[in-house]
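Trainee: Quick one: structure below, then a few questions.
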Amino acid sequence: MSNVTTLLDAKSVPEAKAALVCPSRNETYSYLKLREEMNRVGNGLCSLGIKKGDRVCIYLDSSPEYLISYFAIWRIGAVAVPTNIVYKGEELLQAVCDAGACAIITDVRGVGVVAEVQKKAPSLAHIICVGGAGTGVVAWESFPPAPASMRAANCAMDDLCHLQYTAGTTGTPKGAMLTHGNWMTALDAEREALRLRPDDVYLGIYPMGHVGLSWGFAMLRAGGTFVMMERFDPEHYLALVEKYHVTVLAGMPPVIHTLVHSAPGTEDRLRTARLIISGGGQLLPAVWEAFDKRYHIPVANSYGLSETIVIGSGTTTIPEYPNLTRHYQSVGVAVGYTEVMIVDVDDPETEMPAGVAGEIALRGPSVAQGYWNLPEATAAVFRHDGWFLTGDIGYIDGEGILYITDRKKDMIIMSGWKIYPTEVENVVVQHPAVADVAVFGVPDERRGEIPVAAVVLKAGTMLTEGEFESFCRVHLAGYKVPRRLIIVNSLPRVHGWKLLRRTLREKFGGIRS
């Protein structure tokens, strides 16, 4: 029996050491302060009647309070439901209702949206607001210090602690069920893969509602320091590396692309970095090679999913083994206790031989327990023998190194964000000028892919790019808004109904499937 938050109870880490740094607010949380805040908020949640197994939603921007919320919820044995402050009301309502969340933690920026959601979400009894209060709202700051004797709730390794919402090709979000055991093994796998040490300093840029936050948690597991950055800005990123002597850089393909094209002298500004992480999308070989030759900083090119807590049960290139990069093309080898297998796309019971492409299957202790309240969707990809079917296509060479070649699904990955075409199409088609629409991804050197919308207009109507973007931004999170609008006379469909996104990608994106 255990609890993932006991990582903050480690006696080997000096209590005064910096655990979390928030430069934008000039705030530093020592390991002691972080533990005290975790206990204070956790105890406050208990005072509201929130108990083990209850779901608590987080609706904040990346911030110390977001990280503390995770730990406070887990501390008492409740279940964290992370979302993103960019979500619109409908998107947040879906998560709250599906999870049956009894409480939500937000701030003055999000409390208005949450108040409207509460009117339609019968389970939502409590709103905890950072920096404000009002009728029916509990102030985050009002929770008193917890007793010094407060301990973590006693949880089994397979007790649920996290619902990470990730959509499918239908665009309907599914809650990947992650447990204390999943998280504990994931953090150790990431610590091992990156060879994290107590003297390491990690610069994190992943939104805290994204499972990529696990890299920051892994740094805390190693007793190091997590410097957080709310949004990537190239100059600010470099300034933070210099100021805090960062040794481990969070990255993704757009970040590495930016660094490749940065001003001369940037190499010296990154002199303290011993490695950079890349994940969330394809790192183009040409960009990877250019970065390697300019900076000589190893890239931990990683492959994992929300359902596997990134590389908790996944793969990565390991810095001290440069041969794993294989001409800047591979995503490395299995980490920790992970197993990787390539199976036939049409028959997952059949394993493919080395060098032959098929669907990537992962098995390991960080694979989710399935999808919340979705037994059929769970059975479709979480196999009876423990293998998880990722929906990605790849192959393993004769030395066990994994390569990603394609995706079985139509999902778009832009700068690490997953965008599901059907979800976007369901919004676009509501525009009064739109008769039909298809959303698909096209390659983008900086962001991996960008979403594009091909639209058939109703007779006698017009639609400008500006009007289209404005409409989408009202109803969708910003990252889901198509970056291009293409007006077409008709959409390619099989027998008049099954949409051929592949044909659109080939015509407008130069992709050959």
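Residue names in the structure tokens use chain letters A, B, ... in the order shown, residue numbers from 1 in each chain, and ligand numbers from 1 in the order shown.
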Would you kindly return, as a list in words, each protein, DNA or RNA residue with an atom no farther than 7 Å from any atom of Thr272 of chain A, considering only C-alpha atoms and excluding same-chain residues fewer than 4 positions away?

Mentor: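 Returned residues: His245, Val246 and Thr247 of chain A.
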
Trainee: Could you turn the residues from that selection into a file that holds C-alpha atoms, as a compact mmCIF listing (two decimals), in the first residue's frame?

Mentor:
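What landed in selection_35.txt:
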```txt
# COMPACT_ATOMS: atom_id res chain seq x y z
CA HIS A 245 21.85 26.90 -14.70
CA VAL A 246 19.37 24.46 -16.19
CA THR A 247 20.74 20.98 -16.91
```

Trainee: Which residues in segment 399-512 of chain A does DSSP call strand (DSSP E or B)? List them as a ChimeraX atom specification.

Mentor: /A:402-407,412-414,417-419,434-444,448-457,484-487,493-494,498-499

Trainee: With C-alpha atoms kept, could you save the residues just selected as a compact mmCIF listing (two decimals), in the first residue's frame?

Mentor:
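The result, written out as again.txt:
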```txt
# COMPACT_ATOMS: atom_id res chain seq x y z
CA LEU A 402 11.56 1.49 -32.44
CA TYR A 403 10.66 3.74 -35.38
CA ILE A 404 7.37 5.57 -35.92
CA THR A 405 6.19 5.66 -39.52
CA ASP A 406 2.52 6.66 -39.49
CA ARG A 407 -0.70 6.83 -37.50
CA ILE A 412 -3.41 15.55 -35.60
CA ILE A 413 -0.50 16.35 -33.29
CA MET A 414 0.51 20.02 -33.29
CA TRP A 417 -1.29 18.88 -28.60
CA LYS A 418 -3.68 16.23 -29.86
CA ILE A 419 -6.42 17.53 -32.15
CA VAL A 434 -20.87 25.85 -44.08
CA ALA A 435 -22.50 22.95 -45.89
CA ASP A 436 -19.77 20.36 -45.37
CA VAL A 437 -16.29 20.25 -43.79
CA ALA A 438 -13.27 18.03 -43.38
CA VAL A 439 -10.42 18.74 -40.97
CA PHE A 440 -7.03 17.12 -41.51
CA GLY A 441 -3.37 17.65 -40.68
CA VAL A 442 -0.63 18.84 -42.98
CA PRO A 443 3.11 18.91 -42.23
CA ASP A 444 4.62 21.97 -40.61
CA GLY A 448 5.03 18.98 -36.72
CA GLU A 449 1.52 19.31 -38.10
CA ILE A 450 -1.16 21.98 -38.29
CA PRO A 451 -4.92 21.49 -38.65
CA VAL A 452 -6.48 22.58 -41.95
CA ALA A 453 -10.17 22.80 -42.81
CA ALA A 454 -11.59 22.06 -46.26
CA VAL A 455 -15.04 23.63 -46.40
CA VAL A 456 -17.94 23.36 -48.86
CA LEU A 457 -20.04 26.52 -48.68
CA ARG A 484 -5.86 27.32 -42.93
CA LEU A 485 -9.23 27.51 -44.65
CA ILE A 486 -9.60 25.88 -48.04
CA ILE A 487 -12.85 26.39 -49.97
CA ARG A 493 -16.05 10.36 -49.97
CA VAL A 494 -16.38 6.63 -50.53
CA LYS A 498 -17.02 7.80 -45.81
CA LEU A 499 -14.70 10.80 -45.80
```

Trainee: Using only C-alpha atoms, determine which residues lie at most 8 Å from Tyr206 of chain A, disregarding the query and same-chain residues fewer than 3 positions distant; provide the list as a list of chain:residue names.

Mentor: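 The contact residues come out as A:His210, A:Gly212, A:Leu213, A:Glu230, A:Ala250.
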
Trainee: Limited to N, CA and C atoms, could you put the picked residues into a file as a PDB file, in the first residue's frame?

Mentor:
```pdb
ATOM      1  N   HIS A 210      -1.401  18.726 -19.187  1.00  0.00           N
ATOM      2  CA  HIS A 210      -0.866  17.743 -20.137  1.00  0.00           C
ATOM      3  C   HIS A 210      -0.056  16.713 -19.363  1.00  0.00           C
ATOM      4  N   GLY A 212       2.585  15.500 -20.032  1.00  0.00           N
ATOM      5  CA  GLY A 212       4.007  15.834 -20.074  1.00  0.00           C
ATOM      6  C   GLY A 212       4.515  16.454 -18.788  1.00  0.00           C
ATOM      7  N   LEU A 213       3.603  16.873 -17.908  1.00  0.00           N
ATOM      8  CA  LEU A 213       4.011  17.359 -16.593  1.00  0.00           C
ATOM      9  C   LEU A 213       4.775  16.284 -15.827  1.00  0.00           C
ATOM     10  N   GLU A 230       5.298  29.105 -18.030  1.00  0.00           N
ATOM     11  CA  GLU A 230       3.898  28.968 -18.415  1.00  0.00           C
ATOM     12  C   GLU A 230       3.724  28.782 -19.917  1.00  0.00           C
ATOM     13  N   ALA A 250      13.156  20.852 -21.167  1.00  0.00           N
ATOM     14  CA  ALA A 250      11.949  20.342 -21.813  1.00  0.00           C
ATOM     15  C   ALA A 250      11.947  20.888 -23.229  1.00  0.00           C
TER      16      ALA A 250
END
```

Trainee: Just the residues within 8 Å of segment 35-38 of chain A, please, counting only C-alpha atoms, with nothing from its chain fewer than 5 positions along; format it as a VMD selection string.

Mentor: chain A and resid 8 to 9 68 to 69 71 to 72 75 145 to 146

Trainee: Please, which residues in segment 352-435 of chain A fall within 12 Å of segment 302-310 of chain A when counting only C-alpha atoms, and what is the closest atom pair and distance in Å to one decimal for each, ordered by chain then residue number, as CSV?

Mentor:
```
residue,atom,partner,partner_atom,distance
A:Ile360,CA,A:Gly304,CA,10.6
A:Ala361,CA,A:Gly304,CA,10.8
A:Leu362,CA,A:Thr308,CA,8.3
A:Arg363,CA,A:Thr308,CA,8.8
A:Gly364,CA,A:Thr308,CA,8.3
A:Pro365,CA,A:Thr308,CA,8.6
A:Ser366,CA,A:Thr308,CA,5.3
A:Val367,CA,A:Thr308,CA,4.4
A:Ala368,CA,A:Glu307,CA,5.1
A:Gln369,CA,A:Glu307,CA,8.5
A:Gly370,CA,A:Glu307,CA,8.1
A:Tyr371,CA,A:Glu307,CA,9.0
A:Trp372,CA,A:Glu307,CA,11.8
A:Thr378,CA,A:Glu307,CA,11.1
A:Val381,CA,A:Glu307,CA,10.6
A:Phe382,CA,A:Glu307,CA,9.9
A:Trp387,CA,A:Thr308,CA,11.1
A:Phe388,CA,A:Glu307,CA,8.5
A:Leu389,CA,A:Glu307,CA,10.2
A:Thr390,CA,A:Leu305,CA,8.0
A:Gly391,CA,A:Leu305,CA,10.5
A:Asp392,CA,A:Leu305,CA,10.3
A:Gly394,CA,A:Tyr303,CA,11.4
A:Ile401,CA,A:Tyr303,CA,11.8
A:Leu402,CA,A:Tyr303,CA,9.2
A:Tyr403,CA,A:Tyr303,CA,9.5
A:Ile404,CA,A:Tyr303,CA,8.8
A:Ile413,CA,A:Leu305,CA,11.7
A:Gly416,CA,A:Leu305,CA,10.5
A:Trp417,CA,A:Ser306,CA,11.2
A:Lys418,CA,A:Ser306,CA,10.4
```

Trainee: Write a file of the just-selected residues containing C-alpha atoms, as an mmCIF file, in the first residue's frame.

Mentor:
```
data_model
loop_
_atom_site.group_PDB
_atom_site.id
_atom_site.type_symbol
_atom_site.label_atom_id
_atom_site.label_comp_id
_atom_site.auth_asym_id
_atom_site.auth_seq_id
_atom_site.Cartn_x
_atom_site.Cartn_y
_atom_site.Cartn_z
ATOM 1 C CA ILE A 360 2.694 -0.446 -32.011
ATOM 2 C CA ALA A 361 1.609 -2.204 -28.810
ATOM 3 C CA LEU A 362 2.983 -1.338 -25.375
ATOM 4 C CA ARG A 363 2.871 -3.282 -22.119
ATOM 5 C CA GLY A 364 4.146 -2.225 -18.730
ATOM 6 C CA PRO A 365 3.263 -1.075 -15.207
ATOM 7 C CA SER A 366 2.338 2.458 -16.278
ATOM 8 C CA VAL A 367 -0.300 1.457 -18.819
ATOM 9 C CA ALA A 368 -3.703 2.839 -17.792
ATOM 10 C CA GLN A 369 -6.370 0.551 -16.403
ATOM 11 C CA GLY A 370 -8.687 1.420 -19.285
ATOM 12 C CA TYR A 371 -11.150 4.211 -20.070
ATOM 13 C CA TRP A 372 -13.521 5.565 -17.445
ATOM 14 C CA THR A 378 -11.415 -0.198 -23.258
ATOM 15 C CA VAL A 381 -7.380 -1.267 -27.273
ATOM 16 C CA PHE A 382 -6.526 -2.658 -23.813
ATOM 17 C CA TRP A 387 -0.948 -5.088 -24.270
ATOM 18 C CA PHE A 388 -2.191 -1.593 -25.167
ATOM 19 C CA LEU A 389 -2.819 -0.918 -28.865
ATOM 20 C CA THR A 390 -1.568 2.610 -29.500
ATOM 21 C CA GLY A 391 -3.039 3.260 -32.934
ATOM 22 C CA ASP A 392 0.419 4.297 -34.154
ATOM 23 C CA GLY A 394 5.936 1.615 -36.742
ATOM 24 C CA ILE A 401 14.972 -0.029 -31.643
ATOM 25 C CA LEU A 402 11.564 1.490 -32.438
ATOM 26 C CA TYR A 403 10.665 3.740 -35.383
ATOM 27 C CA ILE A 404 7.372 5.567 -35.919
ATOM 28 C CA ILE A 413 -0.496 16.351 -33.286
ATOM 29 C CA GLY A 416 2.448 18.080 -28.711
ATOM 30 C CA TRP A 417 -1.291 18.882 -28.603
ATOM 31 C CA LYS A 418 -3.677 16.227 -29.863
#
```

Trainee: Could you give me, as a Markdown table, a per-residue list for segment 388-474 of chain A showing, wherever an atom lies at most 12 Å from an atom of segment 85-92 of chain A, the closest pair of atoms and their distance in Å to one decimal, using only C-alpha atoms and sorting by chain then residue number from low to high?

Mentor:
```
| residue | atom | partner | partner_atom | distance |
| --- | --- | --- | --- | --- |
| A:Glu423 | CA | A:Glu91 | CA | 10.4 |
| A:Val424 | CA | A:Glu91 | CA | 11.8 |
| A:Val427 | CA | A:Glu90 | CA | 11.2 |
| A:Cys472 | CA | A:Lys88 | CA | 11.1 |
| A:Arg473 | CA | A:Lys88 | CA | 9.3 |
| A:Val474 | CA | A:Lys88 | CA | 7.9 |
```

Trainee: Next, dump the selected residues to file, keeping only C-alpha atoms, as a PDB file, in the first residue's frame.

Mentor:
```
ATOM      1  CA  GLU A 423     -14.525  17.342 -32.751  1.00  0.00           C
ATOM      2  CA  VAL A 424     -13.451  20.374 -34.805  1.00  0.00           C
ATOM      3  CA  VAL A 427     -18.108  22.899 -34.484  1.00  0.00           C
ATOM      4  CA  CYS A 472     -13.856  28.808 -34.292  1.00  0.00           C
ATOM      5  CA  ARG A 473     -12.176  30.685 -31.450  1.00  0.00           C
ATOM      6  CA  VAL A 474     -15.532  31.283 -29.770  1.00  0.00           C
TER       7      VAL A 474
END
```

Trainee: Would you list the contacts of segment 348-358 of chain A as a list in words, taking every protein, DNA or RNA residue within 8 Å and counting only C-alpha atoms, but skipping same-chain residues closer than 4 positions in sequence?

Mentor: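 Neighbouring residues, sequence-local ones excluded: Met341, Ile342, Val343, Asp344, Ile393, Gly394, Tyr395, Ile396, Asp397, Gly398 and Thr405 of chain A.
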